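Heads up, the thing below is written out as structure tokens.
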Amino acid sequence: MPRSALNPKPPVITVDEDALLTTVSPESVIGALEHAFRKPPAMIPRQRIEVNGGDFLIMPAVGPDDFGIKIITVAKERVKGAPLVQGRYVLFSGESLAPVGSLEAGALTAIRTAGVSALATKHLARKDSRRLVIFGAGVEAREHLRFMLSVRSIQQVRIISRTPSNASGLAAYAQTLGLDAATGTLEDVSGADIICTCTTAVTPLFPGSLLSNGVHVNAIGTHRPAERELDTEAICRARVVVESREAALREAGELCVPISEGVLDASHIIADLSEALARSVRRSDDDITVFKSVGLAFEDLVVAAAICKQVPA
């Protein structure tokens, strides 16, 4: 009898980009992340290697039931015809140690990032938030639109992008969802209840003075200490929440730059996301809140495992 018959390997579930972006429900992702953030596993720092035109990232994570690794490249600038994030996620069984899932990493990254932003928005944004502004018009922006709709009753969306055709395309998609949607300008920042910055920008997208009292901002586009989408004024005006203090102080330019300038220190971080789930960060409807995300490997693990449980082998 062949050895493989005595020790059959579990099937490896393969999930491609289209399946990830069209079949995964925001509610299932947010629920899995909320459960994980209430008692997060030990975090393994990711390894980042600079390569021509971007970063090569290796992100392992170990959970109580499974473990996995994401291997991706992240381009500094979008190259026509190529996605910003490319790679693969491999999920392993904690019991058999065998690979059980293989997922397209670019879409997985967009989904888990939007999921973490939505989880933060659920706990930080005003309950009556209706007006959403999104900077960027790529897959991250599209997923943020989809996930924001699952946690707040959004009625109006404005898309701001340096590529007008992409902004128009995402606005047209939002219109099919029954939203008052159009391309926007910086003037729309002051009227926003929620802002999501999903760009490759390395310098601030707008003056922090434009933020209105009560707004919530999800800043997700940068993970380098000298790069940022929000300026110092925006951060100083806000009650700031991060995924992990250690990761944010190492990689988030929104915090690293003003700290290096002596404008503020690490105590300006009000809470990490786990703490924000356990207690209220927002003191009043006038508070400005910022959630700064740099991405953690265990988020990919949690979301990949949840997706593989939903997809038939």
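By order in the structure tokens, chains are A, B, ...; within a chain, residues start at 1; ligands start at 1, following the order shown.
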
Exercise. Which parts of stretch 57-271 of chain A does DSSP call helix (DSSP H, G or I) when run on the backbone here, written out as a ChimeraX atom specification?
Worked result: /A:105-124,139-151,164-176,186-191,208-210,232-237,245-251,253-260,266-268

Problem set entry | Exercise: stretch 214-231 of chain A partners within 9 Å, only C-alpha atoms, chain neighbours under 3 positions left out, as a ChimeraX atom specification | /A:113-114,117-118,120-121,124-126,129,140,190-208,211,234-236,238,248-258,284-295

For this session: Write out as number ranges by chain the residues lying within 10 Å of A:Arg88, counting only C-alpha atoms and excluding same-chain residues fewer than 4 positions away.
Result: A: 16, 69-73, 102-108

Exercise. Running DSSP on the backbone, which parts of stretch 125-171 of chain A land in strand (DSSP E or B), as a PyMOL selection string?
Worked result: chain A and resi 131-135+156-160

Keeping N, CA and C atoms, export the residues of the selection given above as a PDB file, in the first residue's frame.
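The file below, again-v8.pdb, is the result:
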```pdb
ATOM      1  N   ARG A 131     -21.341  60.580   5.671  1.00  0.00           N
ATOM      2  CA  ARG A 131     -20.581  61.088   4.525  1.00  0.00           C
ATOM      3  C   ARG A 131     -19.158  60.531   4.556  1.00  0.00           C
ATOM      4  N   LEU A 132     -18.807  59.825   3.497  1.00  0.00           N
ATOM      5  CA  LEU A 132     -17.516  59.139   3.392  1.00  0.00           C
ATOM      6  C   LEU A 132     -16.679  59.763   2.282  1.00  0.00           C
ATOM      7  N   VAL A 133     -15.418  60.030   2.591  1.00  0.00           N
ATOM      8  CA  VAL A 133     -14.446  60.468   1.578  1.00  0.00           C
ATOM      9  C   VAL A 133     -13.340  59.432   1.516  1.00  0.00           C
ATOM     10  N   ILE A 134     -13.028  58.984   0.302  1.00  0.00           N
ATOM     11  CA  ILE A 134     -11.957  58.012   0.104  1.00  0.00           C
ATOM     12  C   ILE A 134     -10.891  58.631  -0.779  1.00  0.00           C
ATOM     13  N   PHE A 135      -9.664  58.606  -0.297  1.00  0.00           N
ATOM     14  CA  PHE A 135      -8.510  58.975  -1.116  1.00  0.00           C
ATOM     15  C   PHE A 135      -7.955  57.698  -1.720  1.00  0.00           C
ATOM     16  N   GLN A 156     -23.452  59.235   1.350  1.00  0.00           N
ATOM     17  CA  GLN A 156     -22.728  60.035   0.368  1.00  0.00           C
ATOM     18  C   GLN A 156     -21.262  59.611   0.332  1.00  0.00           C
ATOM     19  N   VAL A 157     -20.719  59.468  -0.867  1.00  0.00           N
ATOM     20  CA  VAL A 157     -19.318  59.084  -1.045  1.00  0.00           C
ATOM     21  C   VAL A 157     -18.664  60.026  -2.044  1.00  0.00           C
ATOM     22  N   ARG A 158     -17.465  60.482  -1.706  1.00  0.00           N
ATOM     23  CA  ARG A 158     -16.660  61.271  -2.631  1.00  0.00           C
ATOM     24  C   ARG A 158     -15.299  60.586  -2.776  1.00  0.00           C
ATOM     25  N   ILE A 159     -14.876  60.397  -4.019  1.00  0.00           N
ATOM     26  CA  ILE A 159     -13.626  59.703  -4.331  1.00  0.00           C
ATOM     27  C   ILE A 159     -12.614  60.717  -4.835  1.00  0.00           C
ATOM     28  N   ILE A 160     -11.451  60.768  -4.195  1.00  0.00           N
ATOM     29  CA  ILE A 160     -10.393  61.695  -4.588  1.00  0.00           C
ATOM     30  C   ILE A 160      -9.179  60.872  -5.011  1.00  0.00           C
TER      31      ILE A 160
END
```

Which residues come within 9 Å of stretch 57-61 of chain A, counting only C-alpha atoms, excluding same-chain residues fewer than 4 positions away, as a PDB file with N, CA and C atoms, in the first residue's frame?
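And here's result_23.pdb as it stands now:
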```pdb
ATOM      1  N   PRO A  41      -2.758  37.012  19.274  1.00  0.00           N
ATOM      2  CA  PRO A  41      -1.631  36.115  19.496  1.00  0.00           C
ATOM      3  C   PRO A  41      -0.317  36.891  19.531  1.00  0.00           C
ATOM      4  N   ALA A  42       0.750  36.188  19.897  1.00  0.00           N
ATOM      5  CA  ALA A  42       2.076  36.808  19.877  1.00  0.00           C
ATOM      6  C   ALA A  42       2.395  37.251  18.449  1.00  0.00           C
ATOM      7  N   MET A  43       2.972  38.433  18.334  1.00  0.00           N
ATOM      8  CA  MET A  43       3.239  38.992  17.012  1.00  0.00           C
ATOM      9  C   MET A  43       4.690  38.754  16.608  1.00  0.00           C
ATOM     10  N   ILE A  44       4.872  38.306  15.378  1.00  0.00           N
ATOM     11  CA  ILE A  44       6.198  38.077  14.814  1.00  0.00           C
ATOM     12  C   ILE A  44       6.487  39.231  13.863  1.00  0.00           C
ATOM     13  N   PRO A  45       7.540  40.008  14.110  1.00  0.00           N
ATOM     14  CA  PRO A  45       7.828  41.133  13.206  1.00  0.00           C
ATOM     15  C   PRO A  45       8.029  40.652  11.777  1.00  0.00           C
ATOM     16  N   ARG A  46       7.485  41.401  10.834  1.00  0.00           N
ATOM     17  CA  ARG A  46       7.684  41.025   9.446  1.00  0.00           C
ATOM     18  C   ARG A  46       9.079  41.411   8.989  1.00  0.00           C
ATOM     19  N   GLN A  47       9.543  40.728   7.978  1.00  0.00           N
ATOM     20  CA  GLN A  47      10.837  41.058   7.390  1.00  0.00           C
ATOM     21  C   GLN A  47      10.604  41.822   6.104  1.00  0.00           C
ATOM     22  N   ARG A  48      11.228  42.974   5.994  1.00  0.00           N
ATOM     23  CA  ARG A  48      11.093  43.794   4.798  1.00  0.00           C
ATOM     24  C   ARG A  48      12.450  43.952   4.141  1.00  0.00           C
ATOM     25  N   ILE A  49      12.507  43.626   2.866  1.00  0.00           N
ATOM     26  CA  ILE A  49      13.739  43.741   2.087  1.00  0.00           C
ATOM     27  C   ILE A  49      13.469  44.693   0.931  1.00  0.00           C
ATOM     28  N   GLU A  50      14.252  45.737   0.831  1.00  0.00           N
ATOM     29  CA  GLU A  50      14.079  46.671  -0.271  1.00  0.00           C
ATOM     30  C   GLU A  50      14.593  46.050  -1.566  1.00  0.00           C
ATOM     31  N   ASP A  66      -3.803  27.254  13.749  1.00  0.00           N
ATOM     32  CA  ASP A  66      -3.165  27.187  12.444  1.00  0.00           C
ATOM     33  C   ASP A  66      -2.043  28.209  12.383  1.00  0.00           C
ATOM     34  N   PHE A  67      -1.297  28.171  11.315  1.00  0.00           N
ATOM     35  CA  PHE A  67      -0.239  29.159  11.108  1.00  0.00           C
ATOM     36  C   PHE A  67      -0.097  29.386   9.610  1.00  0.00           C
ATOM     37  N   GLY A  68       0.602  30.454   9.247  1.00  0.00           N
ATOM     38  CA  GLY A  68       0.713  30.748   7.834  1.00  0.00           C
ATOM     39  C   GLY A  68       1.769  31.798   7.553  1.00  0.00           C
ATOM     40  N   ILE A  69       1.968  32.033   6.276  1.00  0.00           N
ATOM     41  CA  ILE A  69       2.966  33.022   5.867  1.00  0.00           C
ATOM     42  C   ILE A  69       2.506  33.718   4.590  1.00  0.00           C
ATOM     43  N   LYS A  70       2.695  35.021   4.576  1.00  0.00           N
ATOM     44  CA  LYS A  70       2.412  35.802   3.375  1.00  0.00           C
ATOM     45  C   LYS A  70       3.740  36.273   2.797  1.00  0.00           C
ATOM     46  N   ILE A  71       3.915  36.057   1.515  1.00  0.00           N
ATOM     47  CA  ILE A  71       5.115  36.501   0.806  1.00  0.00           C
ATOM     48  C   ILE A  71       4.645  37.395  -0.336  1.00  0.00           C
ATOM     49  N   ILE A  72       4.997  38.672  -0.261  1.00  0.00           N
ATOM     50  CA  ILE A  72       4.490  39.622  -1.249  1.00  0.00           C
ATOM     51  C   ILE A  72       5.551  40.635  -1.658  1.00  0.00           C
ATOM     52  N   THR A  73       5.303  41.262  -2.788  1.00  0.00           N
ATOM     53  CA  THR A  73       6.025  42.467  -3.176  1.00  0.00           C
ATOM     54  C   THR A  73       5.042  43.626  -3.145  1.00  0.00           C
ATOM     55  N   VAL A  74       5.519  44.783  -2.720  1.00  0.00           N
ATOM     56  CA  VAL A  74       4.704  45.999  -2.692  1.00  0.00           C
ATOM     57  C   VAL A  74       5.446  47.073  -3.480  1.00  0.00           C
ATOM     58  N   LEU A 296      -0.599  43.874  10.225  1.00  0.00           N
ATOM     59  CA  LEU A 296       0.036  42.879  11.080  1.00  0.00           C
ATOM     60  C   LEU A 296      -0.188  41.491  10.494  1.00  0.00           C
ATOM     61  N   ALA A 297       0.817  40.633  10.633  1.00  0.00           N
ATOM     62  CA  ALA A 297       0.755  39.313  10.009  1.00  0.00           C
ATOM     63  C   ALA A 297      -0.389  38.469  10.555  1.00  0.00           C
ATOM     64  N   PHE A 298      -0.714  38.619  11.828  1.00  0.00           N
ATOM     65  CA  PHE A 298      -1.773  37.768  12.366  1.00  0.00           C
ATOM     66  C   PHE A 298      -3.143  38.121  11.782  1.00  0.00           C
ATOM     67  N   GLU A 299      -3.294  39.354  11.274  1.00  0.00           N
ATOM     68  CA  GLU A 299      -4.548  39.721  10.611  1.00  0.00           C
ATOM     69  C   GLU A 299      -4.756  38.874   9.358  1.00  0.00           C
ATOM     70  N   ASP A 300      -3.684  38.707   8.580  1.00  0.00           N
ATOM     71  CA  ASP A 300      -3.771  37.864   7.386  1.00  0.00           C
ATOM     72  C   ASP A 300      -4.114  36.430   7.755  1.00  0.00           C
ATOM     73  N   LEU A 301      -3.488  35.922   8.817  1.00  0.00           N
ATOM     74  CA  LEU A 301      -3.753  34.560   9.263  1.00  0.00           C
ATOM     75  C   LEU A 301      -5.221  34.383   9.630  1.00  0.00           C
TER      76      LEU A 301
END
```

Excluding stretch 27-33 of chain A and its own-chain neighbours fewer than 2 positions away, which residues fall within 9 Å of it when counting only C-alpha atoms? Please give them as a tab-separated table (two decimals) with C-alpha atoms, in the first residue's frame.
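Full text of part.tsv as output:
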```
chain	number	residue	atom	x	y	z
A	24	VAL	CA	-16.07	37.06	0.96
A	25	SER	CA	-18.55	38.91	3.17
A	35	HIS	CA	-12.58	37.95	17.97
A	36	ALA	CA	-8.82	37.85	17.34
A	37	PHE	CA	-8.13	41.41	18.54
A	38	ARG	CA	-9.86	40.75	21.83
A	111	ILE	CA	-9.74	42.54	2.40
A	112	ARG	CA	-7.97	42.23	5.74
A	114	ALA	CA	-10.44	47.03	4.94
A	115	GLY	CA	-11.66	44.64	7.61
A	116	VAL	CA	-9.36	46.12	10.26
A	118	ALA	CA	-14.03	48.68	9.45
A	119	LEU	CA	-13.48	47.19	12.90
A	147	PHE	CA	-16.52	47.43	4.26
A	150	SER	CA	-21.17	47.23	6.58
A	151	VAL	CA	-20.51	49.25	9.76
A	299	GLU	CA	-4.55	39.72	10.61
A	302	VAL	CA	-7.13	35.21	10.90
A	303	VAL	CA	-8.78	36.29	7.65
A	306	ALA	CA	-11.90	32.33	8.10
A	307	ILE	CA	-12.08	32.37	4.31
```
